[in-house]
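K.L.:
For reference, the structure I am asking about is given below.
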Amino acid sequence: MILSERRVTLKSRSQVEKMRTAGRLVADVLDRLSEEVRPGVTTGDLDRISAEMIRRAGGVPSFVGVPGPLAPYRHTICVSIDDEVVHGIPGKRRIEPGEVVSIDAGAIIDGWHGDAARTFVVGDVPPEVRLLVDETRRAMDAGIAAARPGASIGDVAAAVEGVALEHGYGVLREYGGHGIGTEMHEEPFVPNHRDAGRGRKLEVGLCLAIEPMFTLGGHEVRVGDDGWTVSTVDGSIAAHWEQTIAIMPDGPEILTVNGRDVSLSQIRHV
């Protein structure tokens, strides 16, 4: 989801704390969905649960109303399965054993956004698929670690792509991370491949969504007839992870956590 008007904003410590509140809600939603992603559940069921949680907490879903090529987005989350990389629309589709399910969630609290995504493995999958999910998350962690004051967007991109290059994964070019604050998408764009250049210098108070998207095949993607769902052209499996961070004097702080985030806990049999 890319908005036509984007800007760079630097946040104060108090504003970062407001974003942390929104981020904790997003983490709560994804934690709950980790318990619900199983065979037989529809993607619409997951969307309904997410909407209820966000509204009950006094929040607003970030994605509802985002402009699209055909119509504004109408759902609370994006659910992308197997070769669908991002922006999959929830509906009647039932989750099946052996699928890879990526869920992107966003929430607004008091005007401030949180945005995060996780990829879940449902049942038994080939080892290379499980490794893809694992390593895409590791790439996100590497990108976050590189996001320190004085570094550049290119340093983040290089850290992310470095993990992909170890395995020969495809790295999406058209889609990546972004600035975030009172708007869900602000400048700068955060690519996941280093040949995009060094980019902006990272400053204290800059908040970013770091989100690698890797595939087991090539990097080419297409947008479906619904105007939203982004899938791999070659049909290869994809994984997507995302966290919202704030760049602070001592380094990056992850805002989309709630104290219950366990490394690799989402890569499991369900």
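The chains in the structure tokens are called A, B, ... from first to last as shown; in each chain the residues are counted from 1, and the ligands are counted from 1 in the order shown.
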Mind checking which residues fall within 12 Å of Thr9 of chain A, counting only C-alpha atoms, ignoring those fewer than 4 positions away in the same chain, and posting them as a ChimeraX atom specification?

P.N.:
/A:15-16,178-188,202-208,246

K.L.:
Selected residues, C-alpha atoms, written as a JSON list (two decimals), in the first residue's frame, please.

P.N.:
[["chain", "number", "residue", "atom", "x", "y", "z"],
["A", 15, "GLN", "CA", 5.57, 11.00, 20.23],
["A", 16, "VAL", "CA", 7.54, 7.76, 20.04],
["A", 178, "HIS", "CA", 8.71, 3.02, 4.79],
["A", 179, "GLY", "CA", 8.61, 5.88, 7.21],
["A", 180, "ILE", "CA", 5.66, 5.91, 9.60],
["A", 181, "GLY", "CA", 4.04, 8.25, 12.11],
["A", 182, "THR", "CA", 0.76, 10.14, 11.90],
["A", 183, "GLU", "CA", 0.56, 8.70, 8.39],
["A", 184, "MET", "CA", 0.96, 5.01, 7.74],
["A", 185, "HIS", "CA", 3.32, 5.62, 4.83],
["A", 186, "GLU", "CA", 5.80, 8.47, 5.13],
["A", 187, "GLU", "CA", 9.17, 9.02, 3.52],
["A", 188, "PRO", "CA", 11.68, 7.54, 3.25],
["A", 202, "LEU", "CA", 19.24, 8.04, 9.56],
["A", 203, "GLU", "CA", 18.50, 10.56, 12.28],
["A", 204, "VAL", "CA", 17.26, 10.31, 15.86],
["A", 205, "GLY", "CA", 13.47, 10.43, 15.88],
["A", 206, "LEU", "CA", 13.00, 8.83, 12.48],
["A", 207, "CYS", "CA", 10.47, 5.99, 12.67],
["A", 208, "LEU", "CA", 10.54, 3.24, 10.08],
["A", 246, "ALA", "CA", 12.19, 4.27, 16.23]]

K.L.:
Which residues in segment 2-239 of chain A does DSSP call strand (DSSP E or B)? List them as a ChimeraX atom specification.

P.N.:
/A:10,42,60-61,77-81,84-86,94,100-109,112-121,152,170-171,177-179,186-190,201,206-210,213-215,221-223,230-232,238-239

K.L.:
Which residues are near Ser80 of chain A? Cut-off 6 Å, only C-alpha atoms, ignore same chain within fewer than 2 positions. Put them as a PyMOL selection string.

P.N.:
chain A and resi 84-86+88+101-102

K.L.:
What does the file look like for those residues with C-alpha atoms, as a PDB file, in the first residue's frame?

P.N.:
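Result file is out04.pdb:
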ATOM      1  CA  GLU A  84       0.948 -14.161  -2.550  1.00  0.00           C
ATOM      2  CA  VAL A  85       3.569 -11.840  -1.103  1.00  0.00           C
ATOM      3  CA  VAL A  86       1.610  -8.894   0.296  1.00  0.00           C
ATOM      4  CA  GLY A  88      -3.884 -10.309   0.055  1.00  0.00           C
ATOM      5  CA  VAL A 101       0.286 -17.481   5.622  1.00  0.00           C
ATOM      6  CA  SER A 102       1.597 -13.922   5.903  1.00  0.00           C
TER       7      SER A 102
END

K.L.:
Just give me the gap between atom CA of Pro191 of chain A and atom CA of Met248 of chain A in Å, one decimal is fine.

P.N.:
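Answer for the atom CA of Pro191 of chain A to atom CA of Met248 of chain A separation: 20.8 Å.
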
K.L.:
From a DSSP pass on the backbone, collect the residues of segment 25-57 of chain A flagged as alpha helix (DSSP H) and hand them back as a list in words.

P.N.:
Leu25, Val26, Ala27, Asp28, Val29, Leu30, Asp31, Arg32, Leu33, Ser34, Glu35, Glu36, Thr43, Gly44, Asp45, Leu46, Asp47, Arg48, Ile49, Ser50, Ala51, Glu52, Met53, Ile54, Arg55 and Arg56 of chain A

K.L.:
Any idea what the distance is between atom CA of Arg32 of chain A and atom CA of Glu128 of chain A?

P.N.:
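It comes out at 26.6 Å.
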
K.L.:
Taking into account only C-alpha atoms, which residue in the set A:Ala158, A:Ile109, A:Val190, A:Val79 is nearest to Ala239 of chain A?

P.N.:
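Distance minimum relative to Ala239 of chain A lands on A:Val79.
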
K.L.:
Might you pull out every residue within 10 Å of segment 35-50 of chain A, with only C-alpha atoms counted and same-chain residues fewer than 4 positions away left off, and present them as a PyMOL selection string?

P.N.:
chain A and resi 26+28-31+54-56+61+75-81+88-99+101+103+105-107+120-123+266+269-270

K.L.:
Keeping only N, CA and C atoms, write the selected residues as a tab-separated table (two decimals), in the first residue's frame.

P.N.:
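Wrote selection-v3.tsv, looks like this:
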chain	number	residue	atom	x	y	z
A	26	VAL	N	-0.87	-3.65	17.85
A	26	VAL	CA	-0.62	-4.47	16.67
A	26	VAL	C	0.01	-5.80	17.07
A	28	ASP	N	-0.37	-7.32	19.91
A	28	ASP	CA	-1.43	-8.10	20.54
A	28	ASP	C	-2.29	-8.79	19.49
A	29	VAL	N	-2.63	-8.06	18.44
A	29	VAL	CA	-3.45	-8.63	17.37
A	29	VAL	C	-2.73	-9.80	16.71
A	30	LEU	N	-1.47	-9.62	16.39
A	30	LEU	CA	-0.72	-10.70	15.72
A	30	LEU	C	-0.51	-11.89	16.65
A	31	ASP	N	-0.34	-11.64	17.94
A	31	ASP	CA	-0.26	-12.74	18.90
A	31	ASP	C	-1.55	-13.55	18.89
A	54	ILE	N	-8.99	-4.37	17.65
A	54	ILE	CA	-8.54	-3.00	17.50
A	54	ILE	C	-9.60	-2.02	17.98
A	55	ARG	N	-10.84	-2.26	17.59
A	55	ARG	CA	-11.92	-1.35	18.00
A	55	ARG	C	-12.12	-1.40	19.51
A	56	ARG	N	-12.04	-2.61	20.08
A	56	ARG	CA	-12.25	-2.75	21.51
A	56	ARG	C	-11.18	-2.00	22.30
A	61	PRO	N	-8.35	0.66	12.58
A	61	PRO	CA	-7.49	-0.08	11.66
A	61	PRO	C	-6.81	0.86	10.66
A	75	HIS	N	-10.55	-3.67	4.42
A	75	HIS	CA	-10.35	-4.68	5.45
A	75	HIS	C	-9.34	-4.22	6.48
A	76	THR	N	-9.32	-4.93	7.62
A	76	THR	CA	-8.45	-4.56	8.74
A	76	THR	C	-7.03	-5.06	8.54
A	77	ILE	N	-6.87	-6.26	8.01
A	77	ILE	CA	-5.56	-6.85	7.81
A	77	ILE	C	-5.39	-7.28	6.36
A	78	CYS	N	-4.19	-7.63	6.00
A	78	CYS	CA	-3.90	-8.29	4.72
A	78	CYS	C	-3.47	-9.71	5.04
A	79	VAL	N	-4.00	-10.68	4.30
A	79	VAL	CA	-3.65	-12.08	4.48
A	79	VAL	C	-3.19	-12.64	3.13
A	80	SER	N	-1.91	-12.99	3.05
A	80	SER	CA	-1.31	-13.45	1.80
A	80	SER	C	-0.83	-14.88	1.98
A	81	ILE	N	-1.18	-15.76	1.04
A	81	ILE	CA	-0.93	-17.19	1.19
A	81	ILE	C	-0.05	-17.72	0.07
A	88	GLY	N	-2.80	-9.37	0.30
A	88	GLY	CA	-3.88	-10.31	0.06
A	88	GLY	C	-5.15	-9.89	0.79
A	89	ILE	N	-6.29	-9.97	0.12
A	89	ILE	CA	-7.56	-9.51	0.68
A	89	ILE	C	-8.25	-10.65	1.43
A	90	PRO	N	-8.63	-10.43	2.70
A	90	PRO	CA	-9.35	-11.46	3.45
A	90	PRO	C	-10.73	-11.72	2.86
A	91	GLY	N	-11.18	-12.97	3.02
A	91	GLY	CA	-12.50	-13.31	2.49
A	91	GLY	C	-12.91	-14.71	2.89
A	92	LYS	N	-13.45	-15.46	1.95
A	92	LYS	CA	-14.00	-16.78	2.23
A	92	LYS	C	-12.96	-17.90	2.14
A	93	ARG	N	-11.77	-17.61	1.68
A	93	ARG	CA	-10.75	-18.66	1.51
A	93	ARG	C	-10.42	-19.30	2.86
A	94	ARG	N	-10.41	-20.63	2.87
A	94	ARG	CA	-10.06	-21.38	4.08
A	94	ARG	C	-8.58	-21.77	4.05
A	95	ILE	N	-7.94	-21.64	5.18
A	95	ILE	CA	-6.54	-22.02	5.29
A	95	ILE	C	-6.42	-23.53	5.25
A	96	GLU	N	-5.43	-24.01	4.51
A	96	GLU	CA	-5.23	-25.45	4.33
A	96	GLU	C	-3.89	-25.87	4.93
A	97	PRO	N	-3.78	-27.16	5.32
A	97	PRO	CA	-2.49	-27.66	5.80
A	97	PRO	C	-1.41	-27.49	4.74
A	98	GLY	N	-0.20	-27.17	5.19
A	98	GLY	CA	0.92	-27.02	4.28
A	98	GLY	C	1.05	-25.65	3.65
A	99	GLU	N	0.21	-24.70	4.06
A	99	GLU	CA	0.28	-23.36	3.49
A	99	GLU	C	1.16	-22.44	4.33
A	101	VAL	N	1.26	-18.57	5.49
A	101	VAL	CA	0.29	-17.48	5.62
A	101	VAL	C	0.99	-16.25	6.20
A	103	ILE	N	0.56	-12.36	7.43
A	103	ILE	CA	-0.47	-11.43	7.90
A	103	ILE	C	0.17	-10.09	8.24
A	105	ALA	N	-0.70	-6.27	9.72
A	105	ALA	CA	-1.70	-5.58	10.53
A	105	ALA	C	-1.21	-4.19	10.88
A	106	GLY	N	-2.16	-3.26	10.96
A	106	GLY	CA	-1.83	-1.90	11.35
A	106	GLY	C	-2.95	-1.30	12.19
A	107	ALA	N	-2.59	-0.43	13.13
A	107	ALA	CA	-3.59	0.19	14.00
A	107	ALA	C	-3.18	1.63	14.31
A	120	PHE	N	3.38	-17.24	9.01
A	120	PHE	CA	3.08	-18.46	9.77
A	120	PHE	C	3.14	-19.67	8.85
A	121	VAL	N	3.64	-20.77	9.38
A	121	VAL	CA	3.66	-22.04	8.67
A	121	VAL	C	2.56	-22.92	9.23
A	122	VAL	N	1.70	-23.43	8.37
A	122	VAL	CA	0.56	-24.24	8.80
A	122	VAL	C	0.84	-25.70	8.48
A	123	GLY	N	1.15	-26.47	9.50
A	123	GLY	CA	1.41	-27.89	9.30
A	123	GLY	C	2.77	-28.17	8.70
A	266	GLN	N	6.52	-18.06	15.74
A	266	GLN	CA	5.46	-18.20	14.75
A	266	GLN	C	5.79	-19.28	13.70
A	269	HIS	N	4.28	-25.90	13.75
A	269	HIS	CA	3.16	-26.70	13.26
A	269	HIS	C	1.90	-26.23	13.96
A	270	VAL	N	0.80	-26.03	13.20
A	270	VAL	CA	-0.48	-25.68	13.82
A	270	VAL	C	-1.55	-26.57	13.23

K.L.:
Show which residues sit within 12 Å of Val156 of chain A, as a PyMOL selection string. Count only C-alpha atoms, and ignore same-chain residues fewer than 6 positions away.

P.N.:
chain A and resi 139-150+162-163+176-178+189-202+208-212+252

K.L.:
Could you save those same residues with C-alpha atoms as a short mmCIF file (atom, residue, chain, number, x, y, z; two decimals), in the first residue's frame?

P.N.:
data_model
loop_
_atom_site.label_atom_id
_atom_site.label_comp_id
_atom_site.auth_asym_id
_atom_site.auth_seq_id
_atom_site.Cartn_x
_atom_site.Cartn_y
_atom_site.Cartn_z
CA ALA A 139 16.79 -10.44 7.58
CA MET A 140 14.30 -8.15 9.29
CA ASP A 141 16.29 -8.40 12.52
CA ALA A 142 19.49 -7.62 10.60
CA GLY A 143 17.89 -4.57 8.99
CA ILE A 144 16.69 -3.32 12.37
CA ALA A 145 20.15 -3.75 13.90
CA ALA A 146 21.64 -1.67 11.07
CA ALA A 147 19.21 1.22 11.64
CA ARG A 148 21.40 3.35 13.89
CA PRO A 149 21.94 7.13 13.97
CA GLY A 150 24.43 8.15 11.29
CA GLY A 162 22.79 -9.89 2.74
CA VAL A 163 20.63 -12.62 4.30
CA GLY A 176 9.67 -2.45 0.84
CA GLY A 177 9.63 -0.60 4.13
CA HIS A 178 8.71 3.02 4.79
CA PHE A 189 11.09 4.37 1.25
CA VAL A 190 13.22 1.54 2.68
CA PRO A 191 14.27 -0.91 -0.07
CA ASN A 192 15.43 -4.43 0.69
CA HIS A 193 18.17 -4.48 -1.96
CA ARG A 194 21.44 -2.58 -1.77
CA ASP A 195 21.66 -1.46 -5.42
CA ALA A 196 19.02 1.20 -4.68
CA GLY A 197 21.85 3.42 -3.37
CA ARG A 198 22.77 4.82 0.03
CA GLY A 199 19.66 6.91 0.47
CA ARG A 200 18.82 9.14 3.41
CA LYS A 201 21.01 9.42 6.49
CA LEU A 202 19.24 8.04 9.56
CA LEU A 208 10.54 3.24 10.08
CA ALA A 209 8.74 0.06 9.16
CA ILE A 210 11.43 -2.50 8.22
CA GLU A 211 9.84 -5.24 6.10
CA PRO A 212 11.75 -7.77 4.00
CA PRO A 252 16.82 1.26 17.17
#

K.L.:
Measuring atom to atom with only C-alpha atoms, identify which of A:Ala157, A:Ile247, A:Val171, A:Val230 is nearest to Phe214 of chain A.

P.N.:
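Among the listed residues, the smallest separation from Phe214 of chain A belongs to A:Val171.
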
K.L.:
Return the single residue from A:Asp83, A:Ile254, A:Trp241, A:Ser12 that is closest to Glu220 of chain A, with distances computed using only C-alpha atoms.

P.N.:
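Looking at the shortest contact to Glu220 of chain A, the residue is A:Asp83.
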
K.L.:
Between atom CA of Gly23 of chain A and atom CA of His113 of chain A, what is the distance, to one decimal in Å?

P.N.:
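Rounded to one decimal, the two atoms are 7.3 Å apart.
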